[in-house]
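*Asks:* Here it is: the structure, laid out below.
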Amino acid sequence: MSAQFDVIIIGGGLFGSFTGLFLARAGKRVALIERGFVGGQSSGANFGGLRLQGRSPEQYPLSLMAQRHWEDFETLVGEGCEYDRNGMVYFAHTEAGRERLLTYASQSRACGLEVEIWEDADIRHRMPWLTGNGLLASYSPRCAVANPRISTPAVTRAMVRAGGHVFEQTEVVEIDHHNEMFTIRTANRPPMKAPVLVNAAGGWAGSVSQHFGETTPLFSAGPPQFVTEPMPYVLRPSVYAIEGDLILRQIPRGNFIFAGYPRTLSNEDGQHTFVPPQKTLNGMRAVSRHMPGLRNAEIIRVWSGVEGYLPDMLPVISASETTPGLYHAFGGSGGGFQIAPAVGECLALQICGQTPPVDLSPYSIGRFRSSIKASDKLTKEFDGAHKGQS
C-alpha cells in the first residue's frame, strides 16, 4: 500500500529541509527522502560562512532575507546552530583584486549592506596579523558563520515536530507521474505518492530534472578545506582574500578552518570530492604567506563536499516548465548554505499558491533553454572554466 502525502521532497540538504519545515508549518503533509543522512553532503561539509559581501547583485534580496532567518535561527527552529555574527573581512593583495573589491563594495552598499573600506594605517591597525601585502580591505559587520554539521539536522527535527516525516537511508529508484500524482519508489520502503514533488537533490538534482525533460548544465564539485589543531583564539572575523587563495575563520575552540580555490570536480561516482594533496599544501602556503603566525600550525583533517554548480553561479528555485506539481531547488553553487532559509520559505509559499516576497524569476529553470553566459567567478574559482579539468 502506498503512503500518501501532500508534498514529497527528494534531498535532505538545507534547501530541502527548510522547504519541508515551512511547508509542514503551513499544514502540509510532508515527506523528505534522503538516500544517506540529512545534511550529509554539501549542507554539512561546507565552510559555514553566512557571507553577504560579494554576492551577485540579483541575489541580494534572497540573501538578505535569508540572513534575517539565520539571525533568528533559534527562535525559528527551536535549536541553536552556533550562529556567530563575527563579521567578515575581504582583502585584496593585487591591483586586480583591489578593483574587484571596490566593485563588490559598491554593489553591496547599493543593495543595502553596511560595508567599511580600510586602507593603509587602518589595515595595519585592524589587521595586525596580516603581512604587508594587503592593499585594501572591506569589512561587513553583518556577515556571520554557523556550524553546518548541526544546522540541517536541527531544521529537519523542527520539520518533524511540525508534523513532517523524514526517511533517511532511502534511495529513490523510480519516479512516475500519472494523473497529476507523483509516485516515488525506493529500494527499501513502500511507494509514496503526492501531487507535489520538490527536487532538492543537490549535486544529483540534474538527473531528476532531466527525467522530466528539463536539462541543466549542473555539475558537482567542492572546495579544498582543512582544519588546524586548536590554537589561542585571536581571529574574530572571517577573512577572505578576494583573489581566492585564502578563506579562513577561527572557531572559539581555537581551530582555524580553511577553504580556498581552485575547487575540484567531484569523483565520477558523484558521491565524493577528492582533495589533491597539492591543494592542501598550496592552501597552507597561502595561510602562512598572509598570516605568518600560522606557519607552523598542524593540519588535523582535510575534506571537501559534493556541491551542485551552474555556469552562472545562481541556483534554480523554480516551478517546472514541463510538469505541473514539480518544483526545483538546487545548484547553490558554493553559496547555498547562506541562502537556504529564504529558498525554503519562498518555494514553500509558491507551492502554497502565494507570492514569495522575493522575485524568483532570475532562478527559473527555463533560463537554460538558451545559452547563458558563464560567470566570471566560475572561471576564477575552478581549475577549468567548467567541466573538463579536476
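Just remember, in the C-alpha cells the first chain shown is A, the second B, etc., residues are 1-based per chain, and ligands are 1-based in the order shown.
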Set the distance at 9 Å and use only C-alpha atoms: which residues neighbour A:Val287 once local chain neighbours fewer than 3 positions away are removed? I'd like the list as a VMD selection string.

*Replies:* chain A and resid 245 to 248 258 282 to 284 290 to 292 294 to 295

*Asks:* Using the selection just defined, write its residues with N, CA and C atoms as a PDB file, in the first residue's frame.

*Replies:*
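Below is the file that was written, selection36.pdb:
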ATOM      1  N   ASP A 245      42.736  32.765  -2.720  1.00  0.00           N
ATOM      2  CA  ASP A 245      43.696  31.804  -2.174  1.00  0.00           C
ATOM      3  C   ASP A 245      43.577  31.658  -0.667  1.00  0.00           C
ATOM      4  N   LEU A 246      42.746  32.462  -0.013  1.00  0.00           N
ATOM      5  CA  LEU A 246      42.596  32.367   1.433  1.00  0.00           C
ATOM      6  C   LEU A 246      41.158  32.646   1.832  1.00  0.00           C
ATOM      7  N   ILE A 247      40.513  31.677   2.451  1.00  0.00           N
ATOM      8  CA  ILE A 247      39.228  31.841   3.135  1.00  0.00           C
ATOM      9  C   ILE A 247      39.423  31.177   4.489  1.00  0.00           C
ATOM     10  N   LEU A 248      39.353  31.957   5.551  1.00  0.00           N
ATOM     11  CA  LEU A 248      39.790  31.456   6.852  1.00  0.00           C
ATOM     12  C   LEU A 248      38.894  31.999   7.956  1.00  0.00           C
ATOM     13  N   PHE A 258      39.938  26.404   7.027  1.00  0.00           N
ATOM     14  CA  PHE A 258      40.383  26.974   5.753  1.00  0.00           C
ATOM     15  C   PHE A 258      39.540  26.425   4.607  1.00  0.00           C
ATOM     16  N   ASN A 282      49.164  23.949  -1.036  1.00  0.00           N
ATOM     17  CA  ASN A 282      49.018  25.317  -1.537  1.00  0.00           C
ATOM     18  C   ASN A 282      48.208  26.170  -0.579  1.00  0.00           C
ATOM     19  N   GLY A 283      47.171  25.573   0.018  1.00  0.00           N
ATOM     20  CA  GLY A 283      46.355  26.306   0.973  1.00  0.00           C
ATOM     21  C   GLY A 283      47.147  26.709   2.196  1.00  0.00           C
ATOM     22  N   MET A 284      47.946  25.799   2.713  1.00  0.00           N
ATOM     23  CA  MET A 284      48.739  26.131   3.895  1.00  0.00           C
ATOM     24  C   MET A 284      49.808  27.160   3.572  1.00  0.00           C
ATOM     25  N   HIS A 290      50.062  34.949   4.133  1.00  0.00           N
ATOM     26  CA  HIS A 290      49.275  36.092   4.557  1.00  0.00           C
ATOM     27  C   HIS A 290      49.236  36.263   6.072  1.00  0.00           C
ATOM     28  N   MET A 291      49.361  35.157   6.807  1.00  0.00           N
ATOM     29  CA  MET A 291      49.306  35.187   8.266  1.00  0.00           C
ATOM     30  C   MET A 291      50.460  34.352   8.804  1.00  0.00           C
ATOM     31  N   PRO A 292      51.655  34.912   8.871  1.00  0.00           N
ATOM     32  CA  PRO A 292      52.845  34.141   9.242  1.00  0.00           C
ATOM     33  C   PRO A 292      52.750  33.461  10.602  1.00  0.00           C
ATOM     34  N   LEU A 294      50.653  31.561  11.626  1.00  0.00           N
ATOM     35  CA  LEU A 294      50.087  30.209  11.499  1.00  0.00           C
ATOM     36  C   LEU A 294      51.005  29.282  10.704  1.00  0.00           C
ATOM     37  N   ARG A 295      52.235  29.726  10.469  1.00  0.00           N
ATOM     38  CA  ARG A 295      53.145  28.963   9.614  1.00  0.00           C
ATOM     39  C   ARG A 295      53.362  27.544  10.115  1.00  0.00           C
TER      40      ARG A 295
END

*Asks:* Give one line per residue of stretch 140-206 of chain A that approaches stretch 239-242 of chain A to at most 12 Å, naming the two atoms of the closest pair and their distance in Å to one decimal, counting only C-alpha atoms; sort by chain then ascending residue number and deliver it as CSV.

*Replies:*
residue,atom,partner,partner_atom,distance
A:Ser140,CA,A:Val239,CA,10.8
A:Cys143,CA,A:Val239,CA,10.9
A:Ala144,CA,A:Val239,CA,11.2
A:Val145,CA,A:Val239,CA,11.5

*Asks:* Please, what distance in Å, to one decimal, runs between atom CA of A:Arg51 and atom CA of A:Val306?

*Replies:*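 According to the coordinates, atom CA of A:Arg51 and atom CA of A:Val306 are separated by 19.6 Å.
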
*Asks:* Which residues of stretch 37-72 of chain A sit at most 12 Å from stretch 113-132 of chain A, using only C-alpha atoms? Give each one's shortest atom pair and distance in Å (one decimal place), in chain and ascending residue order, as a Markdown table.

*Replies:*
| residue | atom | partner | partner_atom | distance |
| --- | --- | --- | --- | --- |
| A:Arg51 | CA | A:Leu113 | CA | 11.2 |
| A:Leu52 | CA | A:Leu113 | CA | 7.8 |
| A:Gln53 | CA | A:Leu113 | CA | 7.9 |
| A:Gly54 | CA | A:Leu113 | CA | 10.5 |
| A:Arg55 | CA | A:Leu113 | CA | 10.7 |
| A:Pro57 | CA | A:Leu113 | CA | 11.3 |
| A:Tyr60 | CA | A:Leu113 | CA | 9.1 |
| A:Pro61 | CA | A:Leu113 | CA | 10.8 |
| A:Ser63 | CA | A:Leu113 | CA | 10.7 |
| A:Leu64 | CA | A:Leu113 | CA | 8.6 |
| A:Gln67 | CA | A:Leu113 | CA | 11.4 |

*Asks:* For stretch 343-347 of chain A, find every residue with an atom within 6 Å (counting only C-alpha atoms), except residues of its own chain fewer than 6 positions away, and show them as a ChimeraX atom specification.

*Replies:* /A:15,18-19,22,356
